[in-house]
Structures are given as structure tokens and as C-alpha cells.
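J.: If it helps, the file is called work.cif and holds mmCIF, C-alpha atoms:
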```cif
data_final
loop_
_atom_site.label_atom_id
_atom_site.label_comp_id
_atom_site.auth_asym_id
_atom_site.auth_seq_id
_atom_site.Cartn_x
_atom_site.Cartn_y
_atom_site.Cartn_z
CA MET A 18 31.02 -0.69 13.67
CA ALA A 19 29.85 -1.24 10.09
CA LEU A 20 26.50 -2.55 11.38
CA VAL A 21 26.17 0.51 13.63
CA ASN A 22 26.65 2.75 10.59
CA LEU A 23 24.06 0.76 8.62
CA LYS A 24 21.56 1.10 11.44
CA ARG A 25 22.19 4.84 11.66
CA ASP A 26 21.72 5.30 7.91
CA LEU A 27 18.59 3.15 8.03
CA SER A 28 17.16 5.22 10.87
CA ARG A 29 17.74 8.45 8.97
CA LEU A 30 15.95 7.01 5.96
CA ALA A 31 13.21 5.25 7.93
CA MET A 32 12.04 8.24 9.95
CA PRO A 33 10.75 10.35 7.02
CA ILE A 34 9.36 7.21 5.37
CA PHE A 35 7.61 6.34 8.65
CA ILE A 36 6.06 9.79 8.90
CA GLU A 37 5.09 9.76 5.20
CA THR A 38 3.59 6.27 5.46
CA LEU A 39 1.71 7.22 8.60
CA LEU A 40 0.35 10.33 6.89
CA ILE A 41 -0.66 8.33 3.81
CA THR A 42 -2.41 5.87 6.10
CA VAL A 43 -4.17 8.70 7.89
CA MET A 44 -5.16 10.22 4.54
CA GLY A 45 -6.61 6.90 3.45
CA ASN A 46 -8.50 6.58 6.73
CA VAL A 47 -9.77 10.16 6.90
CA ASP A 48 -12.65 9.47 4.50
CA ILE A 49 -13.70 6.43 6.54
CA PHE A 50 -13.43 8.04 9.97
CA MET A 51 -15.08 11.32 8.97
CA LEU A 52 -17.88 9.48 7.17
CA SER A 53 -18.43 7.41 10.32
CA GLN A 54 -19.87 10.61 11.83
CA TYR A 55 -22.12 10.99 8.78
CA ASP A 56 -23.58 7.56 7.97
CA ASP A 57 -22.52 3.92 8.68
CA ASN A 58 -23.84 2.90 5.26
CA ALA A 59 -21.49 5.42 3.63
CA VAL A 60 -18.61 3.78 5.52
CA GLY A 61 -19.53 0.32 4.20
CA ALA A 62 -19.88 1.58 0.63
CA VAL A 63 -16.60 3.51 0.66
CA GLY A 64 -14.87 0.53 2.28
CA MET A 65 -15.86 -1.68 -0.65
CA VAL A 66 -14.84 0.97 -3.17
CA ASN A 67 -11.45 1.27 -1.49
CA GLN A 68 -10.89 -2.47 -1.96
CA LEU A 69 -11.38 -2.01 -5.70
CA MET A 70 -9.28 1.16 -5.73
CA SER A 71 -6.44 -0.61 -3.92
CA PHE A 72 -6.47 -3.29 -6.59
CA ALA A 73 -6.46 -0.69 -9.37
CA LEU A 74 -3.53 1.18 -7.80
CA LEU A 75 -1.51 -2.04 -7.85
CA ILE A 76 -1.33 -1.80 -11.62
CA PHE A 77 1.04 1.11 -11.10
CA GLN A 78 3.13 -1.02 -8.75
CA ILE A 79 4.21 -3.05 -11.78
CA ILE A 80 6.37 -0.06 -12.64
CA ASN A 81 6.96 1.42 -9.18
CA VAL A 82 8.43 -1.70 -7.59
CA GLY A 83 10.87 -2.02 -10.48
CA THR A 84 11.70 1.68 -10.15
CA SER A 85 12.58 1.34 -6.48
CA VAL A 86 14.67 -1.83 -6.91
CA LEU A 87 16.59 -0.68 -9.99
CA CYS A 88 17.23 2.85 -8.70
CA SER A 89 18.52 1.47 -5.38
CA GLN A 90 20.89 -1.01 -7.02
CA TYR A 91 22.10 1.47 -9.68
CA ILE A 92 22.79 4.13 -7.03
CA GLY A 93 24.66 1.55 -4.94
CA ALA A 94 26.73 0.65 -8.00
CA GLY A 95 27.39 4.31 -8.87
CA GLN A 96 25.35 4.21 -12.12
CA ARG A 97 23.27 7.38 -11.71
CA GLY A 98 22.66 7.81 -15.43
CA ARG A 99 20.74 4.55 -15.47
CA MET A 100 18.81 5.70 -12.40
CA VAL A 101 17.64 8.75 -14.36
CA GLN A 102 16.61 6.55 -17.29
CA VAL A 103 14.58 4.28 -15.04
CA THR A 104 12.79 7.24 -13.43
CA GLY A 105 11.85 8.80 -16.76
CA VAL A 106 10.64 5.61 -18.39
CA ALA A 107 8.65 4.69 -15.28
CA MET A 108 6.85 8.05 -15.29
CA LEU A 109 5.90 7.70 -18.96
CA LEU A 110 4.62 4.17 -18.53
CA ASN A 111 2.59 4.99 -15.43
CA LEU A 112 1.11 8.07 -17.07
CA PHE A 113 -0.24 5.85 -19.85
CA LEU A 114 -1.45 3.18 -17.43
CA GLY A 115 -3.02 5.86 -15.23
CA ALA A 116 -5.08 7.23 -18.12
CA VAL A 117 -6.38 3.75 -18.95
CA VAL A 118 -7.24 2.91 -15.33
CA SER A 119 -8.93 6.29 -14.70
CA THR A 120 -11.16 5.86 -17.73
CA THR A 121 -12.09 2.31 -16.72
CA LEU A 122 -12.97 3.21 -13.13
CA PHE A 123 -15.06 6.23 -14.11
CA PHE A 124 -17.20 4.54 -16.73
CA GLY A 125 -17.22 1.10 -15.09
CA ALA A 126 -18.17 2.14 -11.54
CA PRO A 127 -21.82 0.93 -11.56
CA TRP A 128 -20.95 -2.40 -13.16
CA LEU A 129 -17.96 -3.08 -10.92
CA LEU A 130 -19.83 -2.34 -7.72
CA SER A 131 -22.79 -4.43 -8.86
CA ALA A 132 -20.44 -7.31 -9.64
CA MET A 133 -19.06 -6.96 -6.10
CA GLY A 134 -22.59 -7.39 -4.77
CA LEU A 135 -22.89 -3.93 -3.19
CA ARG A 136 -26.45 -3.60 -1.94
CA ALA A 137 -28.84 -1.14 -3.59
CA GLU A 138 -29.09 1.03 -0.47
CA LEU A 139 -25.30 1.56 -0.57
CA MET A 140 -25.02 2.36 -4.28
CA ASP A 141 -25.92 6.05 -3.84
CA HIS A 142 -22.79 6.40 -1.70
CA GLY A 143 -20.49 4.04 -3.61
CA ILE A 144 -20.98 5.04 -7.27
CA PRO A 145 -20.24 8.80 -7.03
CA TYR A 146 -17.30 8.15 -4.71
CA MET A 147 -15.77 5.65 -7.13
CA LYS A 148 -16.43 7.82 -10.21
CA ILE A 149 -14.71 10.89 -8.76
CA VAL A 150 -11.73 9.19 -7.08
CA GLY A 151 -11.32 6.77 -9.98
CA ALA A 152 -11.35 9.47 -12.65
CA PHE A 153 -8.28 11.11 -11.12
CA VAL A 154 -6.37 8.03 -10.04
CA PHE A 155 -3.62 8.86 -12.55
CA PHE A 156 -2.51 11.56 -10.08
CA GLN A 157 -1.50 8.74 -7.75
CA ALA A 158 0.36 6.95 -10.55
CA ILE A 159 2.77 9.86 -11.05
CA HIS A 160 2.99 10.63 -7.32
CA THR A 161 4.12 7.12 -6.34
CA THR A 162 6.62 6.86 -9.20
CA ILE A 163 8.41 10.07 -8.21
CA SER A 164 8.35 9.04 -4.54
CA ALA A 165 9.98 5.70 -5.37
CA SER A 166 12.88 7.42 -7.15
CA LEU A 167 13.36 10.03 -4.40
CA ARG A 168 13.38 7.38 -1.67
CA ALA A 169 15.92 5.27 -3.53
CA ASP A 170 18.27 8.27 -3.52
CA LYS A 171 17.72 8.79 0.25
CA LYS A 172 15.59 11.89 -0.34
CA ALA A 173 12.56 10.59 1.52
CA MET A 174 12.11 13.90 3.34
CA TYR A 175 10.51 15.52 0.28
CA PRO A 176 7.64 13.02 -0.20
CA MET A 177 7.03 13.22 3.55
CA VAL A 178 6.57 17.00 3.47
CA VAL A 179 4.29 16.78 0.42
CA VAL A 180 2.07 14.16 2.02
CA PHE A 181 1.81 16.27 5.19
CA ILE A 182 0.63 19.28 3.17
CA VAL A 183 -1.96 17.37 1.16
CA ASN A 184 -3.15 15.56 4.29
CA VAL A 185 -4.09 18.89 5.81
CA LEU A 186 -5.81 19.92 2.57
CA ASN A 187 -7.76 16.64 2.49
CA ILE A 188 -9.02 17.04 6.06
CA ILE A 189 -10.11 20.63 5.41
CA ALA A 190 -11.86 19.71 2.15
CA ASN A 191 -13.58 16.72 3.75
CA TYR A 192 -14.77 18.77 6.71
CA GLY A 193 -16.38 21.30 4.41
CA LEU A 194 -17.79 18.99 1.76
CA ILE A 195 -18.95 16.00 3.84
CA PHE A 196 -20.85 17.98 6.47
CA GLY A 197 -21.61 21.21 4.58
CA HIS A 198 -19.58 23.73 6.57
CA TRP A 199 -18.50 27.23 5.41
CA GLY A 200 -21.51 27.51 3.12
CA LEU A 201 -20.55 24.41 1.12
CA PRO A 202 -23.12 21.71 0.31
CA ALA A 203 -23.24 18.59 2.55
CA LEU A 204 -22.27 15.94 -0.01
CA GLY A 205 -21.36 13.00 2.23
CA ALA A 206 -19.36 10.35 0.34
CA THR A 207 -19.29 12.53 -2.78
CA GLY A 208 -17.66 15.34 -0.80
CA ALA A 209 -15.05 12.92 0.57
CA ALA A 210 -14.26 11.85 -2.98
CA ILE A 211 -13.78 15.45 -4.16
CA GLY A 212 -11.43 16.14 -1.25
CA THR A 213 -9.38 13.00 -1.95
CA ALA A 214 -9.06 13.69 -5.69
CA PHE A 215 -8.07 17.34 -5.11
CA SER A 216 -5.44 16.35 -2.53
CA ARG A 217 -3.90 13.73 -4.81
CA GLY A 218 -3.68 16.28 -7.62
CA MET A 219 -1.82 18.71 -5.38
CA ALA A 220 0.59 15.95 -4.30
CA MET A 221 1.44 15.18 -7.92
CA VAL A 222 2.11 18.83 -8.79
CA LEU A 223 4.34 19.41 -5.76
CA LEU A 224 6.36 16.25 -6.39
CA LEU A 225 6.91 17.17 -10.05
CA ILE A 226 8.36 20.50 -8.90
CA ILE A 227 10.63 18.73 -6.39
CA LEU A 228 11.73 16.13 -8.96
CA PHE A 229 13.17 18.72 -11.32
CA TRP A 230 14.33 21.13 -8.61
CA LYS A 231 16.07 18.83 -6.13
CA HIS A 232 16.51 15.40 -7.73
CA ILE A 233 17.04 15.43 -11.51
CA PRO A 234 17.50 18.70 -13.45
CA PHE A 235 14.96 18.79 -16.28
CA ARG A 236 17.63 19.19 -18.96
CA ASN A 237 19.56 16.16 -17.70
CA PHE A 238 16.31 14.23 -17.39
CA MET A 239 15.38 14.77 -21.06
CA ARG A 240 18.94 14.20 -22.33
CA VAL A 241 19.40 10.88 -20.54
CA LEU A 242 15.88 9.63 -21.18
CA PHE A 243 16.08 10.21 -24.94
CA HIS A 244 19.77 9.49 -25.42
CA PRO A 245 20.47 8.87 -29.12
CA ARG A 246 22.56 5.78 -28.35
CA GLY A 247 20.45 2.68 -29.01
CA THR A 248 17.01 2.98 -27.46
CA GLY A 249 18.13 5.24 -24.60
CA GLY A 250 15.90 5.01 -21.56
CA MET A 251 13.59 2.49 -23.22
CA ALA A 252 16.31 -0.12 -22.68
CA GLU A 253 15.21 -0.20 -19.02
CA VAL A 254 11.63 -1.23 -19.81
CA GLY A 255 12.58 -4.90 -19.83
CA ASN A 256 14.19 -4.68 -16.40
CA LEU A 257 11.22 -2.76 -14.98
CA LEU A 258 8.80 -5.41 -16.19
CA LYS A 259 11.05 -8.28 -15.12
CA ILE A 260 10.90 -7.02 -11.56
CA GLY A 261 7.53 -5.35 -11.60
CA LEU A 262 5.28 -8.01 -13.14
CA PRO A 263 5.88 -10.77 -10.57
CA SER A 264 6.12 -8.23 -7.72
CA ALA A 265 2.87 -6.53 -8.65
CA GLY A 266 1.41 -9.96 -9.40
CA GLU A 267 1.85 -10.96 -5.76
CA ASN A 268 0.26 -7.70 -4.61
CA MET A 269 -2.58 -8.09 -7.11
CA SER A 270 -3.18 -11.62 -5.88
CA TYR A 271 -3.39 -10.35 -2.30
CA ASN A 272 -5.76 -7.52 -3.20
CA ALA A 273 -7.87 -9.79 -5.41
CA GLN A 274 -8.07 -12.05 -2.37
CA GLN A 275 -9.24 -9.09 -0.28
CA ILE A 276 -11.87 -8.21 -2.90
CA MET A 277 -13.12 -11.80 -2.86
CA VAL A 278 -13.34 -11.98 0.93
CA THR A 279 -15.06 -8.57 0.94
CA PHE A 280 -17.61 -10.12 -1.42
CA PHE A 281 -18.10 -12.98 1.05
CA ILE A 282 -18.39 -10.59 4.00
CA ASN A 283 -20.94 -8.50 2.11
CA MET A 284 -23.01 -11.70 1.80
CA ILE A 285 -23.01 -12.06 5.60
CA GLY A 286 -24.49 -8.59 6.23
CA ASN A 287 -24.10 -4.81 6.26
CA ASP A 288 -22.94 -4.71 9.88
CA GLU A 289 -20.20 -7.27 9.18
CA LEU A 290 -19.08 -5.28 6.13
CA THR A 291 -18.89 -2.10 8.19
CA THR A 292 -17.03 -3.90 11.00
CA PHE A 293 -14.54 -5.29 8.49
CA THR A 294 -13.98 -1.79 7.07
CA TYR A 295 -13.34 -0.32 10.53
CA ILE A 296 -10.94 -3.10 11.57
CA THR A 297 -9.05 -2.91 8.28
CA ASN A 298 -8.43 0.80 8.71
CA ILE A 299 -7.58 0.57 12.42
CA SER A 300 -5.14 -2.34 11.99
CA ILE A 301 -3.25 -0.52 9.24
CA ILE A 302 -2.05 1.95 11.87
CA ALA A 303 -0.63 -0.94 13.92
CA PHE A 304 1.73 -2.14 11.20
CA VAL A 305 2.64 1.21 9.63
CA PHE A 306 6.01 1.01 11.43
CA CYS A 307 6.62 -2.36 9.80
CA ILE A 308 5.79 -0.94 6.38
CA CYS A 309 8.20 1.97 6.74
CA MET A 310 11.00 -0.27 8.06
CA ALA A 311 10.46 -2.67 5.16
CA LEU A 312 10.53 0.18 2.62
CA ALA A 313 13.62 1.80 4.15
CA GLY A 314 15.27 -1.58 4.62
CA ALA A 315 14.62 -2.51 1.00
CA ILE A 316 16.41 0.64 -0.16
CA SER A 317 19.38 0.07 2.15
CA ILE A 318 19.57 -3.62 1.25
CA GLY A 319 19.31 -2.73 -2.45
CA HIS A 320 22.31 -0.42 -2.04
CA LEU A 321 24.26 -3.19 -0.28
CA VAL A 322 23.41 -5.70 -3.00
CA GLY A 323 24.57 -3.16 -5.61
CA GLU A 324 27.84 -2.90 -3.63
CA HIS A 325 28.12 -6.75 -3.54
CA LYS A 326 27.74 -7.03 0.26
CA PRO A 327 25.15 -9.81 0.80
CA HIS A 328 26.25 -10.66 4.35
CA ALA A 329 25.76 -7.06 5.50
CA ALA A 330 22.32 -7.12 3.84
CA TYR A 331 21.44 -10.33 5.73
CA VAL A 332 22.47 -8.95 9.13
CA LEU A 333 20.65 -5.68 8.56
CA GLY A 334 17.55 -7.54 7.42
CA ASN A 335 17.42 -9.65 10.59
CA TRP A 336 17.63 -6.54 12.75
CA ILE A 337 14.79 -4.88 10.80
CA LEU A 338 12.54 -7.92 11.15
CA LYS A 339 13.09 -8.24 14.90
CA TRP A 340 12.04 -4.69 15.71
CA SER A 341 9.18 -4.72 13.20
CA ILE A 342 7.66 -7.73 14.97
CA ILE A 343 8.13 -6.30 18.47
CA ILE A 344 6.59 -2.90 17.73
CA THR A 345 3.71 -4.13 15.56
CA LEU A 346 2.59 -6.77 18.06
CA ALA A 347 2.77 -4.23 20.89
CA LEU A 348 0.57 -1.77 18.97
CA SER A 349 -1.90 -4.48 17.89
CA THR A 350 -2.27 -5.61 21.49
CA LEU A 351 -2.77 -2.02 22.64
CA PHE A 352 -5.53 -1.47 20.06
CA ALA A 353 -7.22 -4.72 21.13
CA VAL A 354 -7.18 -3.70 24.81
CA PHE A 355 -8.75 -0.32 24.00
CA GLY A 356 -11.01 -1.70 21.27
CA LYS A 357 -14.26 -0.75 23.04
CA GLN A 358 -13.19 2.89 23.31
CA ILE A 359 -11.98 2.99 19.69
CA PHE A 360 -15.13 1.46 18.20
CA GLY A 361 -17.33 3.49 20.56
CA ALA A 362 -15.84 6.65 19.10
CA LEU A 363 -16.70 5.49 15.58
CA THR A 364 -20.22 4.11 15.93
CA ASP A 365 -23.07 3.62 18.42
CA ASN A 366 -24.04 0.26 16.88
CA GLN A 367 -23.49 -2.17 19.78
CA TYR A 368 -23.28 -5.22 17.53
CA ILE A 369 -20.45 -3.65 15.52
CA ILE A 370 -18.66 -2.60 18.71
CA GLY A 371 -18.88 -6.09 20.26
CA LEU A 372 -17.86 -7.95 17.12
CA GLY A 373 -15.05 -5.52 16.39
CA CYS A 374 -13.60 -5.79 19.90
CA THR A 375 -13.57 -9.61 19.70
CA ILE A 376 -11.83 -9.67 16.34
CA MET A 377 -9.23 -7.11 17.39
CA PHE A 378 -7.86 -9.64 19.90
CA ILE A 379 -7.84 -12.40 17.28
CA ASN A 380 -6.15 -10.01 14.87
CA VAL A 381 -2.99 -9.87 17.03
CA ILE A 382 -2.15 -13.42 15.90
CA ARG A 383 -2.67 -12.45 12.27
CA GLU A 384 -0.29 -9.51 12.58
CA LEU A 385 2.65 -11.75 13.49
CA GLY A 386 2.54 -13.35 10.06
CA ARG A 387 1.67 -10.14 8.26
CA VAL A 388 4.73 -8.35 9.65
CA ILE A 389 7.01 -11.07 8.28
CA ASN A 390 5.28 -11.00 4.90
CA ILE A 391 5.52 -7.23 4.50
CA TYR A 392 9.20 -7.34 5.43
CA ALA A 393 10.10 -10.36 3.30
CA THR A 394 8.33 -9.35 0.09
CA ASN A 395 9.99 -5.92 0.10
CA VAL A 396 13.54 -6.99 0.96
CA LEU A 397 13.52 -10.05 -1.32
CA ARG A 398 12.44 -7.86 -4.23
CA ALA A 399 15.22 -5.41 -3.36
CA THR A 400 17.75 -8.23 -3.79
CA GLY A 401 16.25 -9.24 -7.14
CA ASP A 402 14.52 -12.37 -5.80
CA VAL A 403 11.16 -11.41 -7.32
CA MET A 404 9.59 -14.72 -8.39
CA PHE A 405 9.54 -16.51 -5.02
CA PRO A 406 7.14 -14.05 -3.28
CA PHE A 407 4.84 -14.24 -6.30
CA TYR A 408 4.56 -18.03 -6.37
CA LEU A 409 4.18 -18.31 -2.61
CA GLY A 410 1.59 -15.55 -2.48
CA VAL A 411 -0.66 -16.94 -5.20
CA ILE A 412 -0.66 -20.48 -3.77
CA VAL A 413 -1.24 -19.68 -0.10
CA GLN A 414 -3.44 -16.59 -0.43
CA TRP A 415 -6.03 -18.44 -2.49
CA SER A 416 -5.89 -21.81 -0.75
CA ALA A 417 -5.73 -20.63 2.87
CA GLY A 418 -7.14 -17.11 2.53
CA VAL A 419 -9.96 -17.38 0.01
CA PHE A 420 -10.99 -21.04 0.16
CA CYS A 421 -10.76 -21.33 3.94
CA GLY A 422 -12.40 -17.92 4.30
CA TRP A 423 -15.40 -19.10 2.26
CA LEU A 424 -15.47 -22.42 4.13
CA PHE A 425 -15.21 -20.98 7.63
CA SER A 426 -17.41 -17.89 7.22
CA LEU A 427 -20.24 -19.07 4.95
CA VAL A 428 -20.28 -22.87 4.80
CA LEU A 429 -19.57 -23.49 8.49
CA GLY A 430 -21.40 -20.33 9.50
CA TRP A 431 -18.65 -18.78 11.63
CA GLY A 432 -19.21 -15.37 10.03
CA LEU A 433 -16.61 -12.64 10.29
CA ILE A 434 -14.67 -14.51 12.99
CA GLY A 435 -14.30 -17.44 10.58
CA MET A 436 -12.90 -15.10 7.94
CA TRP A 437 -10.29 -13.90 10.43
CA MET A 438 -9.28 -17.48 11.20
CA ALA A 439 -8.56 -17.91 7.48
CA PHE A 440 -6.51 -14.69 7.51
CA ILE A 441 -4.41 -16.12 10.36
CA LEU A 442 -3.68 -19.29 8.39
CA ASP A 443 -2.77 -17.37 5.24
CA GLU A 444 -0.45 -14.81 6.84
CA ASN A 445 1.38 -17.19 9.19
CA ILE A 446 1.95 -19.99 6.66
CA ARG A 447 3.53 -17.54 4.25
CA GLY A 448 5.50 -15.93 7.08
CA ALA A 449 7.09 -19.24 8.07
CA VAL A 450 8.12 -20.02 4.49
CA PHE A 451 9.57 -16.52 4.00
CA ILE A 452 11.74 -16.92 7.10
CA TRP A 453 13.19 -20.10 5.60
CA ARG A 454 13.84 -18.34 2.26
CA TRP A 455 15.65 -15.41 3.87
CA ARG A 456 17.86 -17.65 5.98
CA SER A 457 18.73 -19.83 2.96
CA MET A 458 20.60 -16.86 1.34
CA LYS A 459 19.43 -18.01 -2.10
CA TRP A 460 18.44 -14.43 -2.82
CA ALA A 461 22.13 -13.37 -2.80
CA LYS A 462 22.54 -14.58 -6.40
CA LYS A 463 19.57 -12.69 -7.86
CA ALA A 464 21.00 -9.14 -8.21
CA PHE A 465 20.47 -7.08 -11.39
CA VAL A 466 23.84 -5.29 -11.09
#
```
Take the structure from the file and write it as C-alpha cells.
T.:
Amino acid sequence: MALVNLKRDLSRLAMPIFIETLLITVMGNVDIFMLSQYDDNAVGAVGMVNQLMSFALLIFQIINVGTSVLCSQYIGAGQRGRMVQVTGVAMLLNLFLGAVVSTTLFFGAPWLLSAMGLRAELMDHGIPYMKIVGAFVFFQAIHTTISASLRADKKAMYPMVVVFIVNVLNIIANYGLIFGHWGLPALGATGAAIGTAFSRGMAMVLLLIILFWKHIPFRNFMRVLFHPRGTGGMAEVGNLLKIGLPSAGENMSYNAQQIMVTFFINMIGNDELTTFTYITNISIIAFVFCICMALAGAISIGHLVGEHKPHAAYVLGNWILKWSIIITLALSTLFAVFGKQIFGALTDNQYIIGLGCTIMFINVIRELGRVINIYATNVLRATGDVMFPFYLGVIVQWSAGVFCGWLFSLVLGWGLIGMWMAFILDENIRGAVFIWRWRSMKWAKKAFV
């Protein structure tokens, strides 16, 4: 009966997280899909920029991962005052980091894209997009921090509603500014960037209102954060960094890997770069269920660890993994079967359509390992086992993912298909090792509470 209750609580938490994650995924894909009706070169340029932006956003995950883990365990242990401290300190730290990252991306856009090898004909699309989105990336820093705290307290409904609202705003803004409707100028990639930045700003404002209205009263927030005893909320900085640095390090390693392989793919050709961008954005939809189950499961498992119930956490984790694998593989297979229709709706380039359809079938094998990795990294962090995913990620991502990707795609001449073979090795080797780690129960002794 206890497991039934855990599943019910998980389902209630997972549903709004699923919808929010799906909407975030859609919002991230809107620029790509709408630009596909404007110019394939704009798609390739924005795809490369998004690789760099994803890496930049991971800097904020140093704080956000720690926020989610600590808030979940403190709530499970009944220590809500410490949860408030963690939330406040995390917001201050990410505000500072966001200002630094925004400045760097705005002024460094031409140099960064040149270093990535973006071709001259794509620069006119890539530079303005990166300058505008990058200048306001600090909006995302505050947004994700507040969302992490709300989710940990089982208030995932609020971030979901906010993301739905800003998703609609982003689509409307893109429609007007990319194509020049309603008397607005047709700005292409620049218009997509303006729409994205505006939407992220609205998300931050709405979540700040919700934070102090429904989650932490502003007076309590300030009193706990700057408590006169000792260093107050700043005492949590060490715990945030202890969790966040290795956790974000693993994510940064993965995204640095993706930047490197994007560099290799760009060397193959523009069509391969565009195909890679399309597949990346399509495949995200296939494992969005896995992401939401991992996020919801990490919160529930964090609560159980805070309550000193490791066996219940283990049983719940196994159930989450089983259904994540089943649903993700089913969706990946469905997308592969209808690949010709999907790619045909995005482009009329027959080479891109043929190559994309082939890789979508190969990608099903990759997704098996990726599901396990998404699940394992999130739930192991929730238990406090933060170093193991970092070490495993760095070793395998760069040996199997980057080295084999370079070897297969460029040296052996297998092109984009060779890169996908390297992805399969990377994801499935790590997946097998993570299964062993979870079953070993060594994570049960890593709690922070």
C-alpha cells in the first residue's frame, strides 16, 4: 500500500512537470520549426547558437541542482527554514552569475561563433540571434531557480502555468517578427531572438510574483535569508556548491561534448548541420516523458532520503525507470516510422529528408541508454551521490562520444551516421554502469540530512 501511495504522489507531481517540460521543449523548438519555413540556413545557425546557449545555461545549474536536492531533503526532514535559506541564496548567486554570462554572450557572440567554425553565410543569422538571446539570459537564471524551489515543495503547477502563458506569447511574437505579419518587420532569426528574450522576461516576472504570493512570504524570505545568527542563509552556499559543482560539471561535460561534435558536424557540411539540428529537436520530444519522470522522481526520492527511507526510494526508482524506458522507446520508434512525413513538413531538401529518416531509426538504440542516464543522474543527485555521475560522464562522454565521433565521422568518413554510432556507444556504456550503481545501494549513505 505504501508503494501505491508513493506512485500516486509521484503521478500528481509528475503531471504538471511533464506538461511544463513539454511546453519548455516546445518553446525551445518553436524558433527552429518556425525558422524552417523561413530559411534552412537560419535553422543551422540558430541550432549552433543553441548549443552554446545550452552550455551557458548550465552555469546556472551549479546552483539550481543544489537548490532542488537540498530543498527536497530539507522539506522531507521538516526543516522549512533551511529550505527558505537555500532558495534565497540560490537566487542571489544566480542573479550574479546571470549578469556575468549575459555580458559575455552579448559581447563575445562574433568570436564564439567564429571559434565554433560557423560559416560566413550563416553569421548574419547567428550573431544577432546570439546577441539578443544571450543579453537576457539572466531571465532564465532566476526563472529556473524559482521553479526548482517550487517543484521541491510539490508546487509544480505554478511553473507549468507560467510556461504555458509565455509559450503562447513566444509563438505570437515569433509569428509577427520572423515573417513580418501585423505590420511588423520580417526579421527572421533576429525576430525569433526578440520573441524568445521577451517570453523569458515575462516568465521571470510571473514566477517572482508567485514565489512571494504562494510559496514564501516576502517578509519571511528576508528574515530567514539575513538571519543575524552566524552567517544566516550564506551558510548554505557550501552545500549548494558541494552538490552543484560536480552535478553541473557532468552536464557541462555533456554539453561541451555536444558543442565539439557540432563543430565536427559543421566540418562535414551545411546539410548535415541542419539535419543534426532537426533530429536533436525532434528527439527531445521523444524523451520529454523521461525527463519529467526523472525530475519528479528526484523530488520524491529526495523526500524519502530526508525521511531515512532508502528502500522505498529504491523501489520507487525502479518503477520510474521501467516506465520511462517503455514510453520513450515507443515514441522514438513512432517518430522513426513517420520520419519522412516529419522531415517533409520541415524542409523540401531531399538529402536532409533521406539522411534524417535513416538516423531516426538508428537513434532508437541511442535513446535506450539516454533514458537510463537522464533517470540515474537526477535520482543519484537527489540522494546526495553527486560525484559518481560526474566522473562517469567525463570519462565516457569524451572517450566514446567525442573521440569515437571524430574517428567515425571524419577519419573513417562515415559522416553524420558515424557520429550517431558514437552517440550510441556513449549513452549505452554509461547507462549500463548507472544500472549497476543504482542496484549497489551505495547511494543510500550519501544524504545531506
J.: Could you tell me which of A:Met147, A:Met269, A:Ala190, A:Ala132 comes closest to Gln78 of chain A if we count all atoms listed in the file?
T.: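 The answer is A:Met269, which sits nearest to Gln78 of chain A.
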J.: List as JSON, numbers by chain the residues having at least one atom at most 12 Å from position (-13.8, -14.6, 10.7) as given in the file, counting all atoms listed in the file.
T.: {"A": [278, 279, 281, 282, 285, 289, 290, 292, 293, 296, 372, 373, 375, 376, 377, 379, 380, 383, 418, 419, 421, 422, 423, 424, 425, 426, 427, 429, 430, 431, 432, 433, 434, 435, 436, 437, 438, 439, 440, 441, 442]}
J.: Compare A:Leu186, A:Leu135, A:Ala303, A:Met277 by their minimum atom-to-atom distance to Gly61 of chain A, counting only C-alpha atoms, and give me the closest one.
T.: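 Among A:Leu186, A:Leu135, A:Ala303, A:Met277, it is A:Leu135 that comes nearest to Gly61 of chain A.
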J.: Any chance you could work out the residue set of the PyMOL selection byres ((chain A and resi 414) around 10) here, as a PyMOL selection string?
T.: chain A and resi 267+270-275+409-413+415-421+439-440+442-444+446-447
J.: Would you kindly return, as a ChimeraX atom specification, each protein, DNA or RNA residue with an atom no farther than 7 Å from any atom of segment 353-367 of chain A, considering all atoms listed in the file and excluding same-chain residues fewer than 6 positions away?
T.: /A:50,53,374,377-378
J.: Assuming 4 Å of padding per side, give the centre and edge lengths of the axis-aligned box around every listed atom of segment 68-71 of chain A, in Å to one decimal and as AutoDock Vina command-line options.
T.:
```
--center_x -8.9 --center_y -0.7 --center_z -3.8 --size_x 12.9 --size_y 11.6 --size_z 11.8
```
J.: Decode the PyMOL selection byres ((chain A and resi 196-208) around 12) for the given file into explicit residues and return them as a VMD selection string.
T.: chain A and resid 47 to 64 66 139 to 150 187 to 195 209 to 215
